[in-house]
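Colleague: I have a structure here, written as structure tokens, and I will follow up with some questions on it.
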Amino acid sequence: MIYPYMILADGTEIVHTHIIERNNIREVEVHFERPTENGFDTARCVLPDYRWIKREGFSPKEMKKFELFLKSNAHLLYKYAENGGIQFAEPVSS
């Protein structure tokens with residue numbers, strides 16, 4: 001499963017997978033995508049080792065920001081990956 005996480009001001013959408021067990025390691029893949037005139041800029045990182053498995057269109061400066069973002073959000077990404085994504089509150093009817 002892929003779950004939405006957030007959309008940044010520049011339109012970059014961040015989504016993540018459920019927990020993926022590989023070699024007794026609990027991994028989460030985090031995807032960054034931003035629409036362009038010709039398609040999408042895209043980057044994918046595997047947690048917990050912060051291994052980039054795909055990168056197209058994002059600058060080195062943007063990639064550095066994404067890495068800092070991941071380091072400060074990894075605990076939440078794991079939490080949401082375990083629980084089926086961010087659970088939004090149901091609207092209250094009056």
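Residue numbering restarts at 1 in every chain; chains get A, B, ... in the order shown in the structure tokens, and ligands count up from 1 in that same order.
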Can you tell me which residues surround A:Asp41 at a distance of at most 12 Å, considering only C-alpha atoms, apart from same-chain residues fewer than 4 positions away, and format the answer as a ChimeraX atom specification?
Modeller: /A:10-14,31-37,54-59,62-63
Colleague: Selection from above, C-alpha atoms, as a PDB file, in the first residue's frame, can you write it?
Modeller:
```pdb
ATOM      1  CA  ASP A  10       6.220  23.730  -4.346  1.00  0.00           C
ATOM      2  CA  GLY A  11       3.741  20.921  -5.123  1.00  0.00           C
ATOM      3  CA  THR A  12       6.062  18.052  -4.169  1.00  0.00           C
ATOM      4  CA  GLU A  13       3.898  15.224  -2.869  1.00  0.00           C
ATOM      5  CA  ILE A  14       5.341  12.868  -0.259  1.00  0.00           C
ATOM      6  CA  HIS A  31       8.470   8.735  -2.493  1.00  0.00           C
ATOM      7  CA  PHE A  32       8.810  12.409  -3.445  1.00  0.00           C
ATOM      8  CA  GLU A  33       7.086  13.540  -6.654  1.00  0.00           C
ATOM      9  CA  ARG A  34       6.634  16.994  -8.178  1.00  0.00           C
ATOM     10  CA  PRO A  35       4.736  17.689 -11.405  1.00  0.00           C
ATOM     11  CA  THR A  36       6.707  19.319 -14.240  1.00  0.00           C
ATOM     12  CA  GLU A  37       5.868  20.353 -17.795  1.00  0.00           C
ATOM     13  CA  LYS A  54      15.679   6.656  -7.528  1.00  0.00           C
ATOM     14  CA  ARG A  55      16.369  10.301  -8.304  1.00  0.00           C
ATOM     15  CA  GLU A  56      15.252  12.238 -11.368  1.00  0.00           C
ATOM     16  CA  GLY A  57      14.930  16.010 -11.690  1.00  0.00           C
ATOM     17  CA  PHE A  58      15.596  17.164  -8.124  1.00  0.00           C
ATOM     18  CA  SER A  59      18.729  19.257  -7.507  1.00  0.00           C
ATOM     19  CA  GLU A  62      16.686  19.702  -2.823  1.00  0.00           C
ATOM     20  CA  MET A  63      17.930  16.180  -2.133  1.00  0.00           C
TER      21      MET A  63
END
```
Colleague: Among chain A, which ones does DSSP place in strand (DSSP E), written as a PyMOL selection string?
Modeller: chain A and resi 2-7+13-17+20-22+25-36+39-47+51-56
Colleague: When DSSP works through the backbone of this structure, what residues of chain A end up as helix (DSSP H, G or I), shown as number ranges by chain?
Modeller: A: 60-82
Colleague: So, counting only C-alpha atoms, which residue among A:Ala74, A:Ala43, A:Ile19, A:Ala81 is closest to A:Pro60?
Modeller: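 Selected residue with least distance to A:Pro60: A:Ala43.
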Colleague: Could you list, as an MDAnalysis selection string, every residue within 10 Å of A:Leu76, counting only C-alpha atoms and ignoring same-chain residues fewer than 5 positions away?
Modeller: chainID A and resid 5 70 81:82 85:86
Colleague: Which residue out of A:Met6, A:Phe40, A:Arg22, A:Thr17 has the minimum interatomic distance to A:Gly84 when only C-alpha atoms are used?
Modeller: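 For A:Gly84, the nearest of the given residues is A:Thr17.
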